[in-house]
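Colleague: Provided below: run-v2.txt, containing compact mmCIF, C-alpha atoms.
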```
# COMPACT_ATOMS: atom_id res chain seq x y z
CA MET M 1 -8.41 -47.60 28.82
CA PHE M 2 -6.62 -47.83 32.15
CA PHE M 3 -7.01 -51.14 34.00
CA GLU M 4 -8.43 -50.05 37.32
CA ASN M 5 -9.00 -53.53 38.77
CA ASP M 6 -5.55 -55.04 38.34
CA ASN M 7 -3.57 -54.82 41.60
CA ALA M 8 -0.14 -54.27 40.04
CA HIS M 9 -1.52 -51.53 37.79
CA LEU M 10 -3.20 -49.81 40.70
CA GLN M 11 0.14 -49.62 42.53
CA LEU M 12 1.87 -48.22 39.46
CA LYS M 13 -0.97 -45.76 38.97
CA ASN M 14 -0.52 -44.46 42.52
CA GLN M 15 3.25 -44.13 42.03
CA LEU M 16 2.75 -42.11 38.84
CA VAL M 17 0.22 -39.80 40.48
CA GLN M 18 2.65 -39.21 43.36
CA LEU M 19 5.41 -38.32 40.91
CA TYR M 20 3.10 -35.69 39.46
CA LEU M 21 1.82 -34.31 42.77
CA THR M 22 5.37 -33.98 44.16
CA ASN M 23 6.76 -32.39 40.97
CA ARG M 24 9.21 -35.25 40.39
CA VAL M 25 8.12 -36.24 36.88
CA PRO M 26 11.17 -37.12 34.73
CA HIS M 27 11.12 -35.62 31.28
CA ALA M 28 11.74 -39.04 29.66
CA LEU M 29 10.11 -42.20 30.99
CA LEU M 30 10.28 -45.81 29.78
CA PHE M 31 7.39 -48.20 30.45
CA SER M 32 8.96 -51.61 29.97
CA GLY M 33 6.84 -54.76 29.82
CA LYS M 34 5.83 -57.64 27.61
CA GLU M 35 3.19 -57.26 24.93
CA GLY M 36 -0.30 -57.11 26.41
CA SER M 37 0.94 -56.15 29.88
CA GLY M 38 -0.94 -52.86 29.75
CA HIS M 39 2.17 -50.69 29.48
CA PHE M 40 0.61 -48.66 26.66
CA GLN M 41 -2.51 -48.12 28.78
CA LEU M 42 -0.31 -46.88 31.64
CA ALA M 43 1.36 -44.46 29.24
CA MET M 44 -2.08 -43.15 28.24
CA PHE M 45 -3.07 -42.87 31.89
CA PHE M 46 0.04 -40.85 32.72
CA ALA M 47 -0.51 -38.61 29.70
CA LYS M 48 -3.99 -37.99 31.12
CA VAL M 49 -2.48 -37.08 34.50
CA LEU M 50 -0.03 -34.65 32.89
CA LEU M 51 -2.69 -32.94 30.77
CA CYS M 52 -5.70 -33.07 33.12
CA LYS M 53 -6.99 -29.74 34.39
CA GLU M 54 -8.10 -31.06 37.82
CA VAL M 55 -5.79 -33.83 39.07
CA ASN M 56 -6.56 -35.16 42.55
CA SER M 57 -5.95 -38.83 43.21
CA GLY M 58 -5.75 -39.19 39.45
CA PRO M 59 -7.08 -37.52 36.31
CA CYS M 60 -10.63 -36.25 36.76
CA GLY M 61 -11.91 -37.93 33.60
CA GLN M 62 -14.44 -35.15 33.08
CA CYS M 63 -12.47 -32.13 31.89
CA SER M 64 -12.03 -31.31 28.22
CA SER M 65 -8.45 -32.64 28.20
CA CYS M 66 -9.42 -36.05 29.63
CA LYS M 67 -12.27 -36.43 27.16
CA LYS M 68 -10.04 -35.49 24.23
CA ILE M 69 -7.44 -38.06 25.29
CA ASP M 70 -10.15 -40.73 25.56
CA ASN M 71 -11.10 -39.92 21.96
CA PHE M 72 -7.46 -39.72 20.77
CA ASN M 73 -7.89 -36.14 19.55
CA HIS M 74 -5.97 -34.05 22.09
CA PRO M 75 -3.78 -31.69 20.01
CA ASP M 76 -0.89 -31.83 22.52
CA LEU M 77 -0.74 -35.65 22.76
CA HIS M 78 1.42 -37.04 19.96
CA PHE M 79 2.23 -40.63 18.99
CA SER M 80 5.20 -42.21 17.29
CA PHE M 81 5.29 -45.89 16.28
CA PRO M 82 6.91 -48.20 13.72
CA ILE M 83 5.41 -48.11 10.22
CA HIS M 84 6.00 -49.74 6.84
CA LEU M 85 7.93 -47.09 4.96
CA SER M 86 6.47 -46.56 1.48
CA LYS M 87 7.10 -43.54 -0.73
CA SER M 88 4.60 -44.81 -3.30
CA GLU M 89 1.84 -44.86 -0.67
CA LYS M 90 3.14 -41.65 0.93
CA SER M 91 3.63 -43.41 4.25
CA GLU M 92 6.86 -42.15 5.77
CA VAL M 93 5.95 -40.86 9.24
CA SER M 94 3.62 -42.05 12.00
CA ASP M 95 1.02 -39.36 11.35
CA ASP M 96 0.40 -40.93 7.91
CA GLN M 97 -0.91 -44.03 9.71
CA ARG M 98 -2.43 -42.41 12.80
CA ALA M 99 -6.06 -43.22 11.88
CA SER M 100 -5.24 -46.92 11.47
CA PHE M 101 -3.26 -46.93 14.72
CA VAL M 102 -6.12 -45.38 16.69
CA SER M 103 -8.56 -47.81 15.05
CA MET M 104 -6.47 -50.78 16.22
CA VAL M 105 -6.28 -49.54 19.81
CA GLN M 106 -10.01 -48.85 19.94
CA GLU M 107 -10.91 -52.24 18.47
CA TYR M 108 -8.54 -54.34 20.60
CA HIS M 109 -8.41 -52.15 23.73
CA SER M 110 -4.75 -53.18 23.66
CA ILE M 111 -1.80 -53.10 21.34
CA GLY M 112 0.41 -55.64 19.56
CA LYS M 113 2.98 -55.71 16.78
CA GLN M 114 1.50 -58.50 14.63
CA VAL M 115 -1.97 -56.98 14.57
CA TRP M 116 -0.48 -53.57 13.79
CA TYR M 117 1.53 -54.89 10.84
CA ALA M 118 -1.54 -56.69 9.50
CA LYS M 119 -3.54 -53.47 9.92
CA MET M 120 -1.01 -51.73 7.66
CA GLY M 121 -1.43 -54.48 5.06
CA ASN M 122 1.62 -56.73 5.48
CA GLU M 123 2.18 -58.70 8.67
CA ASN M 124 5.51 -60.04 7.32
CA LYS M 125 7.18 -56.68 6.83
CA GLN M 126 9.07 -55.23 9.78
CA GLY M 127 8.03 -51.76 10.85
CA VAL M 128 10.57 -49.06 11.59
CA ILE M 129 10.78 -45.65 13.23
CA GLY M 130 12.95 -43.93 10.65
CA VAL M 131 14.94 -40.77 10.27
CA LYS M 132 12.04 -38.80 8.72
CA GLU M 133 10.01 -39.65 11.80
CA GLY M 134 12.87 -38.27 13.89
CA HIS M 135 12.69 -35.00 11.95
CA GLU M 136 8.90 -34.90 12.39
CA ILE M 137 9.14 -35.46 16.16
CA ILE M 138 11.62 -32.63 16.59
CA LYS M 139 9.49 -30.33 14.44
CA LYS M 140 6.29 -31.05 16.40
CA LEU M 141 7.82 -30.73 19.85
CA GLN M 142 9.55 -27.44 19.07
CA LEU M 143 6.16 -25.80 18.47
CA LYS M 144 4.20 -24.27 21.33
CA SER M 145 1.44 -26.37 22.83
CA TYR M 146 -1.99 -25.79 21.35
CA GLU M 147 -3.72 -25.49 24.72
CA GLY M 148 -0.95 -23.70 26.61
CA GLY M 149 0.01 -26.64 28.83
CA LYS M 150 2.32 -29.60 28.39
CA LYS M 151 3.19 -31.45 25.20
CA ILE M 152 3.34 -35.28 25.44
CA LEU M 153 4.92 -37.72 23.01
CA ILE M 154 4.25 -41.46 23.43
CA ILE M 155 6.71 -43.60 21.44
CA TRP M 156 5.52 -47.21 21.04
CA LEU M 157 8.19 -49.86 20.33
CA PRO M 158 11.23 -47.54 20.40
CA GLU M 159 13.43 -50.64 20.02
CA LEU M 160 12.45 -50.53 16.32
CA MET M 161 13.95 -47.07 15.91
CA ASN M 162 16.86 -47.14 13.48
CA ALA M 163 20.24 -45.65 14.38
CA GLN M 164 19.77 -42.54 12.23
CA ALA M 165 16.49 -41.66 13.94
CA ALA M 166 17.96 -42.37 17.38
CA ASN M 167 20.91 -40.08 16.74
CA LYS M 168 18.50 -37.34 15.65
CA LEU M 169 16.57 -37.62 18.92
CA LEU M 170 19.43 -37.89 21.43
CA LYS M 171 19.61 -34.18 22.15
CA LEU M 172 15.81 -33.93 22.36
CA ILE M 173 15.70 -36.76 24.91
CA GLU M 174 18.55 -35.21 26.88
CA GLU M 175 17.08 -31.69 26.87
CA PRO M 176 13.46 -31.60 25.68
CA PRO M 177 11.70 -28.26 25.13
CA GLU M 178 10.00 -26.68 28.12
CA LYS M 179 6.80 -28.42 29.32
CA THR M 180 7.50 -31.48 27.19
CA ASN M 181 7.41 -35.10 28.35
CA LEU M 182 8.53 -38.17 26.39
CA ILE M 183 7.01 -41.55 27.26
CA PHE M 184 8.57 -44.65 25.72
CA VAL M 185 6.60 -47.93 25.67
CA SER M 186 8.72 -51.00 24.94
CA ASP M 187 8.05 -54.74 24.57
CA ARG M 188 11.79 -55.49 24.55
CA SER M 189 13.66 -52.79 26.37
CA GLU M 190 16.88 -54.84 26.22
CA GLN M 191 16.92 -54.18 22.46
CA LEU M 192 16.85 -50.42 22.88
CA LEU M 193 19.97 -48.62 21.75
CA GLN M 194 22.15 -47.98 24.79
CA THR M 195 22.40 -44.31 23.90
CA ILE M 196 18.61 -44.10 24.23
CA SER M 197 17.96 -46.35 27.24
CA SER M 198 20.66 -44.66 29.34
CA ARG M 199 18.69 -41.40 29.12
CA LEU M 200 15.38 -42.85 30.31
CA GLN M 201 13.95 -43.57 33.74
CA GLN M 202 12.50 -47.06 33.55
CA ILE M 203 9.29 -48.40 35.10
CA ILE M 204 8.81 -52.17 34.89
CA VAL M 205 5.24 -53.20 34.09
CA PRO M 206 4.41 -56.81 35.12
CA PRO M 207 1.96 -59.06 33.23
CA LEU M 208 -1.70 -58.69 34.05
CA GLU M 209 -3.34 -61.22 36.35
CA ASN M 210 -5.22 -64.07 34.62
CA THR M 211 -8.35 -63.35 36.63
CA PHE M 212 -8.31 -59.75 35.44
CA VAL M 213 -7.84 -60.77 31.79
CA SER M 214 -10.75 -63.21 32.08
CA THR M 215 -13.03 -60.60 33.67
CA TYR M 216 -12.02 -58.03 31.06
CA LEU M 217 -12.91 -60.40 28.20
CA GLN M 218 -16.29 -61.09 29.76
CA SER M 219 -17.18 -57.46 30.44
CA HIS M 220 -15.81 -55.82 27.27
CA PHE M 221 -16.15 -58.54 24.62
CA ASN M 222 -19.09 -60.60 25.94
CA VAL M 223 -16.99 -63.78 26.13
CA GLU M 224 -18.55 -66.65 28.08
CA GLU M 225 -16.87 -67.27 31.45
CA ASN M 226 -15.41 -70.71 30.60
CA ASP M 227 -14.04 -69.44 27.28
CA ALA M 228 -12.66 -66.31 28.96
CA ASN M 229 -10.87 -68.41 31.59
CA MET M 230 -9.37 -70.62 28.88
CA LEU M 231 -8.20 -67.64 26.83
CA SER M 232 -6.70 -65.84 29.84
CA LYS M 233 -4.73 -68.91 30.95
CA SER M 234 -3.41 -69.63 27.47
CA ALA M 235 -2.41 -65.98 27.04
CA GLY M 236 -0.44 -65.92 30.30
CA GLY M 237 -1.30 -62.36 31.31
CA ASN M 238 -1.07 -61.00 27.75
CA LEU M 239 -4.40 -59.24 27.29
CA HIS M 240 -3.67 -58.43 23.66
CA LYS M 241 -2.99 -62.10 22.90
CA ALA M 242 -6.19 -63.17 24.66
CA ILE M 243 -8.26 -60.65 22.67
CA TYR M 244 -6.47 -61.64 19.46
CA LYS M 245 -7.24 -65.31 20.07
CA HIS M 246 -10.86 -64.42 20.76
CA PHE M 247 -11.07 -62.61 17.41
CA ASN M 248 -9.13 -65.34 15.58
CA ASN M 249 -10.49 -68.60 16.96
CA GLU M 250 -10.25 -70.17 13.50
CA LYS M 251 -6.50 -69.52 13.44
CA SER M 252 -6.04 -71.52 16.67
CA GLN M 253 -7.83 -74.43 15.05
CA GLU M 254 -5.59 -74.10 11.99
CA PHE M 255 -2.50 -74.07 14.22
CA LEU M 256 -3.60 -77.28 15.94
CA ALA M 257 -4.20 -79.04 12.62
CA GLN M 258 -0.84 -77.78 11.38
CA PHE M 259 0.92 -78.94 14.56
CA VAL M 260 -0.69 -82.42 14.46
CA GLN M 261 0.34 -82.91 10.84
CA TRP M 262 3.88 -81.67 11.51
CA MET M 263 4.45 -83.93 14.51
CA ARG M 264 3.23 -86.97 12.57
CA LEU M 265 5.50 -86.16 9.65
CA CYS M 266 8.47 -85.60 11.96
CA TYR M 267 7.86 -88.91 13.75
CA SER M 268 7.50 -90.91 10.53
CA ARG M 269 10.33 -89.03 8.81
CA ASN M 270 8.34 -88.76 5.63
CA ILE M 271 10.75 -86.43 3.84
CA SER M 272 8.66 -85.90 0.72
CA ASP M 273 5.51 -84.88 2.62
CA THR M 274 7.58 -82.87 5.11
CA ILE M 275 8.98 -80.79 2.23
CA ASP M 276 5.40 -80.16 1.07
CA TRP M 277 4.46 -79.13 4.63
CA VAL M 278 7.44 -76.77 4.84
CA ASN M 279 6.56 -75.19 1.48
CA ASP M 280 3.02 -74.57 2.68
CA PHE M 281 4.30 -73.24 6.02
CA SER M 282 6.58 -70.72 4.28
CA LYS M 283 3.61 -69.17 2.45
CA ARG M 284 1.77 -68.23 5.64
CA GLY M 285 3.82 -65.16 6.45
CA ARG M 286 6.74 -64.53 8.77
CA GLU M 287 4.76 -63.15 11.71
CA THR M 288 2.28 -66.04 11.48
CA ASN M 289 5.23 -68.45 11.35
CA LYS M 290 6.65 -66.92 14.53
CA GLU M 291 3.27 -67.16 16.21
CA PHE M 292 3.03 -70.85 15.27
CA LEU M 293 6.47 -71.57 16.72
CA LYS M 294 5.40 -69.97 20.01
CA TYR M 295 2.24 -72.10 19.84
CA THR M 296 4.44 -75.20 19.40
CA LEU M 297 6.51 -74.29 22.46
CA GLU M 298 3.34 -73.87 24.50
CA LEU M 299 2.03 -77.32 23.53
CA PHE M 300 5.38 -78.90 24.42
CA ARG M 301 5.21 -77.12 27.78
CA GLN M 302 1.69 -78.39 28.42
CA CYS M 303 2.84 -81.96 27.73
CA ILE M 304 5.80 -81.90 30.11
CA THR M 305 3.89 -80.23 32.95
CA ASN M 306 1.15 -82.85 32.67
CA HIS M 307 3.78 -85.57 33.24
CA TYR M 308 4.22 -84.11 36.73
CA MET M 309 0.51 -84.35 37.56
CA LEU M 310 -0.21 -80.73 36.69
CA SER M 311 -3.37 -80.02 34.72
CA MET M 312 -3.34 -78.69 31.17
CA ASP M 313 -4.65 -75.14 31.44
CA GLY M 314 -5.95 -72.78 28.79
CA LEU M 315 -6.47 -75.42 26.08
CA SER M 316 -9.44 -76.14 23.89
CA LEU M 317 -11.03 -79.58 24.14
CA GLU M 318 -9.48 -80.56 20.78
CA GLU M 319 -6.00 -79.48 21.91
CA GLU M 320 -6.27 -81.36 25.20
CA GLN M 321 -7.52 -84.53 23.50
CA PHE M 322 -4.59 -84.57 21.10
CA LEU M 323 -1.97 -83.77 23.73
CA MET M 324 -3.14 -86.60 25.98
CA LYS M 325 -2.19 -88.95 23.13
CA PHE M 326 0.94 -87.04 22.16
CA LYS M 327 2.47 -86.42 25.61
CA PRO M 328 4.29 -89.82 25.83
CA TYR M 329 6.62 -88.47 23.14
CA ILE M 330 7.61 -85.48 25.30
CA SER M 331 9.68 -86.24 28.40
CA HIS M 332 12.52 -85.03 30.58
CA LYS M 333 14.91 -86.67 28.10
CA ASN M 334 14.02 -84.49 25.14
CA ILE M 335 12.16 -81.39 26.39
CA ILE M 336 15.31 -79.25 26.69
CA GLY M 337 16.39 -80.19 23.17
CA LEU M 338 12.91 -79.55 21.79
CA ASN M 339 12.77 -76.10 23.36
CA GLU M 340 16.24 -75.22 22.11
CA VAL M 341 15.42 -76.27 18.53
CA ILE M 342 12.16 -74.29 18.38
CA ASN M 343 13.65 -71.23 20.08
CA GLU M 344 16.56 -71.26 17.66
CA ALA M 345 14.14 -71.53 14.74
CA TYR M 346 12.19 -68.55 16.11
CA TYR M 347 15.43 -66.58 16.39
CA HIS M 348 16.35 -67.25 12.75
CA VAL M 349 12.83 -66.65 11.38
CA GLU M 350 12.70 -63.33 13.22
CA ARG M 351 15.95 -62.34 11.54
CA ASN M 352 14.69 -63.10 8.04
CA ALA M 353 16.40 -66.47 7.55
CA ASN M 354 15.20 -68.69 4.70
CA ILE M 355 12.08 -70.24 6.24
CA LYS M 356 12.08 -73.35 4.03
CA ILE M 357 15.67 -74.28 4.91
CA THR M 358 15.17 -73.44 8.59
CA MET M 359 11.98 -75.46 9.02
CA LEU M 360 13.21 -78.50 7.08
CA ASP M 361 16.29 -78.61 9.32
CA VAL M 362 14.06 -78.24 12.41
CA SER M 363 11.84 -81.08 11.20
CA LEU M 364 14.82 -83.43 10.84
CA GLN M 365 16.02 -82.54 14.32
CA LEU M 366 12.54 -83.13 15.77
CA TYR M 367 12.55 -86.65 14.31
CA LYS M 368 15.58 -87.56 16.45
CA LEU M 369 14.26 -85.81 19.56
CA ILE M 370 10.75 -87.23 19.46
CA ARG M 371 12.13 -90.73 18.91
CA ASN M 372 14.35 -90.20 21.96
CA SER M 373 11.51 -89.58 24.40
CA LYS M 374 11.81 -92.83 26.34
```
Once you've parsed the file, please lay out its structure as structure tokens.
Modeller:
Amino acid sequence: MFFENDNAHLQLKNQLVQLYLTNRVPHALLFSGKEGSGHFQLAMFFAKVLLCKEVNSGPCGQCSSCKKIDNFNHPDLHFSFPIHLSKSEKSEVSDDQRASFVSMVQEYHSIGKQVWYAKMGNENKQGVIGVKEGHEIIKKLQLKSYEGGKKILIIWLPELMNAQAANKLLKLIEEPPEKTNLIFVSDRSEQLLQTISSRLQQIIVPPLENTFVSTYLQSHFNVEENDANMLSKSAGGNLHKAIYKHFNNEKSQEFLAQFVQWMRLCYSRNISDTIDWVNDFSKRGRETNKEFLKYTLELFRQCITNHYMLSMDGLSLEEEQFLMKFKPYISHKNIIGLNEVINEAYYHVERNANIKITMLDVSLQLYKLIRNSK
């Protein structure tokens, strides 16, 4: 799973191996990076280093520990991640969803919140690392290791840990049991509770290079070179996003059709049809709505950069054809306002605001901004 051919990852890999070889491994590490940056893969790599029986310039990859980690069945490698809490479905701790979690990682070779929520059956419901998970973590890590070596816990998206769980784990993070390492993997480390983040040693993981993402798509998913280049550029170093778009090409086409209709309605200020559009939009699910708003921001960005003689990168032919007609309505006079309106909408949708009210208000604001492009 580790990305051997990405330069930034190779440097981080070497740093991690040196920490191990010089006995300077902190008991609690934070891999901080954006979704699809490979921070989870780095966490898996370091777990391999810590559990490998013959580390040299890295894990040997051949010993029983390395092979068990590759297959996600090492008894001393534990995972914690946000889940949809459900007493009726007996889903209250991460281990209840472990099989689905492993299935997602193996299918996508990467990891992302929207896909994970959909995998659990509801992409609109926010996952949480709750207090029962905190109890379970403490219980597991207090036991002796099965194979007599280290115990590793990888916590994915610790920013979604609630306050009760965090308070349960503070002492564990401060003073973990002997031969125990905690590895936190965060998309938004700034949202971590201060009581947690202050106890972690942080490693910043940069986005992957576009050329690497393209090559990875070609070699692991048999994507044609031109399509792989387009996906890598549109994903901006987010491997998970690129793979997701590859698997969900129809959704990109739906987003474009939705965007074209929305912009035409906003320009014409057809209130009745706009209300119908907003009603339909609200039925698509909160995570899909957030994804569409990010898609909208990206198309606005493509328009404004093209004004300054820069090419439109990472777009399908249909997207580029529409934007060449639409770009006169995006200019230096309204691009800041457009970005602010969409970003504010994203903020409110993420925090469970009423989507119908939010998007109708956004549509009315877009009417004024698009009309003020010249």
Colleague: So that I can see what lies close to His84 (chain M), please list as number ranges by chain the residues with an atom at most 8 Å from it, counting all atoms listed in the file and leaving out residues fewer than 3 positions away in the same chain.
Modeller: M: 91-92, 117, 120, 125-128
Colleague: Mind giving me the axis-aligned box for region 204-213 of chain M with 6 Å on every side, centre plus edges in Å to one decimal, as JSON?
Modeller:
```
{"center_x": 0.2, "center_y": -58.1, "center_z": 34.2, "size_x": 29.2, "size_y": 23.9, "size_z": 16.8}
```
Colleague: Show which residues sit within 7 Å of Ile370 (chain M), as a short mmCIF file (atom, residue, chain, number, x, y, z; two decimals) with C-alpha atoms, keeping the file's coordinate frame. Count all atoms listed in the file, and ignore same-chain residues fewer than 2 positions away.
Modeller:
```
data_model
loop_
_atom_site.label_atom_id
_atom_site.label_comp_id
_atom_site.auth_asym_id
_atom_site.auth_seq_id
_atom_site.Cartn_x
_atom_site.Cartn_y
_atom_site.Cartn_z
CA TYR M 267 7.86 -88.91 13.75
CA TYR M 329 6.62 -88.47 23.14
CA ILE M 330 7.61 -85.48 25.30
CA LEU M 366 12.54 -83.13 15.77
CA TYR M 367 12.55 -86.65 14.31
CA LYS M 368 15.58 -87.56 16.45
CA ASN M 372 14.35 -90.20 21.96
CA SER M 373 11.51 -89.58 24.40
#
```
Colleague: Need to verify the contact set: Glu159 (chain M), 12 Å, all atoms listed in the file, exclusion of same-chain residues closer than 4 positions in sequence. Can you return it as a short mmCIF file (atom, residue, chain, number, x, y, z; two decimals) with C-alpha atoms, keeping the file's coordinate frame?
Modeller:
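part33.cif was written with the following content:
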```
data_model
loop_
_atom_site.label_atom_id
_atom_site.label_comp_id
_atom_site.auth_asym_id
_atom_site.auth_seq_id
_atom_site.Cartn_x
_atom_site.Cartn_y
_atom_site.Cartn_z
CA LEU M 30 10.28 -45.81 29.78
CA SER M 32 8.96 -51.61 29.97
CA PHE M 81 5.29 -45.89 16.28
CA PRO M 82 6.91 -48.20 13.72
CA GLY M 127 8.03 -51.76 10.85
CA VAL M 128 10.57 -49.06 11.59
CA ILE M 129 10.78 -45.65 13.23
CA GLY M 130 12.95 -43.93 10.65
CA ILE M 155 6.71 -43.60 21.44
CA ALA M 163 20.24 -45.65 14.38
CA ALA M 165 16.49 -41.66 13.94
CA ALA M 166 17.96 -42.37 17.38
CA PHE M 184 8.57 -44.65 25.72
CA VAL M 185 6.60 -47.93 25.67
CA SER M 186 8.72 -51.00 24.94
CA ASP M 187 8.05 -54.74 24.57
CA ARG M 188 11.79 -55.49 24.55
CA SER M 189 13.66 -52.79 26.37
CA GLU M 190 16.88 -54.84 26.22
CA GLN M 191 16.92 -54.18 22.46
CA LEU M 192 16.85 -50.42 22.88
CA LEU M 193 19.97 -48.62 21.75
CA GLN M 194 22.15 -47.98 24.79
CA THR M 195 22.40 -44.31 23.90
CA ILE M 196 18.61 -44.10 24.23
CA SER M 197 17.96 -46.35 27.24
#
```
Colleague: If we count only C-alpha atoms and set the cut-off at 9 Å, which residues sit around Phe281 (chain M), ignoring sequence neighbours fewer than 2 positions away in its own chain? Please answer as a list of chain:residue names.
Modeller: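 The neighbour list is M:Gln258, M:Asp276, M:Trp277, M:Val278, M:Asn279, M:Lys283, M:Arg284, M:Gly285, M:Asn289, M:Ile355, M:Lys356, M:Met359.
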Colleague: Could you list as a ChimeraX atom specification every residue that has an atom within 9 Å of (1.2, -57.6, 29.0), using the file's coordinates and counting only C-alpha atoms?
Modeller: /M:33-39,187,205-208,236-241
Colleague: Can you list, as a ChimeraX atom specification, every protein, DNA or RNA residue that comes within 9 Å of Trp116 (chain M) when you count all atoms listed in the file, leaving out same-chain residues fewer than 4 positions away?
Modeller: /M:83,100-101,104,111-112,120-121,123
Colleague: In Å, how far is it from CA of Leu50 (chain M) to CA of Ile152 (chain M)?
Modeller: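 Rounded to one decimal, the two atoms are 8.2 Å apart.
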Colleague: For region 191-197 of chain M, supply all heavy atoms and report the output as a PDB file, in the coordinates of the input.
Modeller:
```pdb
ATOM      1  N   GLN M 191      16.499 -54.427  23.833  1.00  0.00           N
ATOM      2  CA  GLN M 191      16.920 -54.180  22.460  1.00  0.00           C
ATOM      3  C   GLN M 191      17.034 -52.697  22.132  1.00  0.00           C
ATOM      4  O   GLN M 191      17.422 -52.330  21.025  1.00  0.00           O
ATOM      5  CB  GLN M 191      15.944 -54.856  21.488  1.00  0.00           C
ATOM      6  CG  GLN M 191      15.972 -56.371  21.536  1.00  0.00           C
ATOM      7  CD  GLN M 191      15.048 -57.000  20.510  1.00  0.00           C
ATOM      8  OE1 GLN M 191      14.393 -56.318  19.727  1.00  0.00           O
ATOM      9  NE2 GLN M 191      14.991 -58.320  20.504  1.00  0.00           N
ATOM     10  N   LEU M 192      16.695 -51.853  23.090  1.00  0.00           N
ATOM     11  CA  LEU M 192      16.850 -50.420  22.880  1.00  0.00           C
ATOM     12  C   LEU M 192      18.325 -50.060  22.727  1.00  0.00           C
ATOM     13  O   LEU M 192      19.185 -50.650  23.392  1.00  0.00           O
ATOM     14  CB  LEU M 192      16.287 -49.650  24.075  1.00  0.00           C
ATOM     15  CG  LEU M 192      14.831 -49.216  24.029  1.00  0.00           C
ATOM     16  CD1 LEU M 192      14.427 -48.665  25.379  1.00  0.00           C
ATOM     17  CD2 LEU M 192      14.607 -48.169  22.951  1.00  0.00           C
ATOM     18  N   LEU M 193      18.598 -49.105  21.865  1.00  0.00           N
ATOM     19  CA  LEU M 193      19.970 -48.620  21.750  1.00  0.00           C
ATOM     20  C   LEU M 193      20.424 -48.068  23.099  1.00  0.00           C
ATOM     21  O   LEU M 193      19.680 -47.350  23.770  1.00  0.00           O
ATOM     22  CB  LEU M 193      20.057 -47.543  20.677  1.00  0.00           C
ATOM     23  CG  LEU M 193      19.797 -47.996  19.228  1.00  0.00           C
ATOM     24  CD1 LEU M 193      19.745 -46.798  18.313  1.00  0.00           C
ATOM     25  CD2 LEU M 193      20.863 -48.975  18.778  1.00  0.00           C
ATOM     26  N   GLN M 194      21.638 -48.395  23.497  1.00  0.00           N
ATOM     27  CA  GLN M 194      22.150 -47.980  24.790  1.00  0.00           C
ATOM     28  C   GLN M 194      22.145 -46.462  24.943  1.00  0.00           C
ATOM     29  O   GLN M 194      21.876 -45.926  26.019  1.00  0.00           O
ATOM     30  CB  GLN M 194      23.571 -48.527  24.987  1.00  0.00           C
ATOM     31  CG  GLN M 194      24.222 -48.158  26.314  1.00  0.00           C
ATOM     32  CD  GLN M 194      23.447 -48.690  27.511  1.00  0.00           C
ATOM     33  OE1 GLN M 194      22.796 -49.734  27.408  1.00  0.00           O
ATOM     34  NE2 GLN M 194      23.517 -48.009  28.642  1.00  0.00           N
ATOM     35  N   THR M 195      22.395 -45.773  23.839  1.00  0.00           N
ATOM     36  CA  THR M 195      22.400 -44.310  23.900  1.00  0.00           C
ATOM     37  C   THR M 195      21.027 -43.755  24.239  1.00  0.00           C
ATOM     38  O   THR M 195      20.903 -42.661  24.790  1.00  0.00           O
ATOM     39  CB  THR M 195      22.865 -43.729  22.547  1.00  0.00           C
ATOM     40  OG1 THR M 195      22.098 -44.325  21.493  1.00  0.00           O
ATOM     41  CG2 THR M 195      24.338 -43.977  22.316  1.00  0.00           C
ATOM     42  N   ILE M 196      19.982 -44.513  23.909  1.00  0.00           N
ATOM     43  CA  ILE M 196      18.610 -44.100  24.230  1.00  0.00           C
ATOM     44  C   ILE M 196      18.254 -44.526  25.652  1.00  0.00           C
ATOM     45  O   ILE M 196      17.810 -43.720  26.480  1.00  0.00           O
ATOM     46  CB  ILE M 196      17.598 -44.699  23.238  1.00  0.00           C
ATOM     47  CG1 ILE M 196      17.829 -44.154  21.827  1.00  0.00           C
ATOM     48  CG2 ILE M 196      16.162 -44.434  23.703  1.00  0.00           C
ATOM     49  CD1 ILE M 196      17.422 -42.734  21.623  1.00  0.00           C
ATOM     50  N   SER M 197      18.416 -45.815  25.948  1.00  0.00           N
ATOM     51  CA  SER M 197      17.960 -46.350  27.240  1.00  0.00           C
ATOM     52  C   SER M 197      18.659 -45.690  28.428  1.00  0.00           C
ATOM     53  O   SER M 197      18.070 -45.537  29.502  1.00  0.00           O
ATOM     54  CB  SER M 197      18.174 -47.868  27.290  1.00  0.00           C
ATOM     55  OG  SER M 197      19.532 -48.197  27.143  1.00  0.00           O
TER      56      SER M 197
END
```
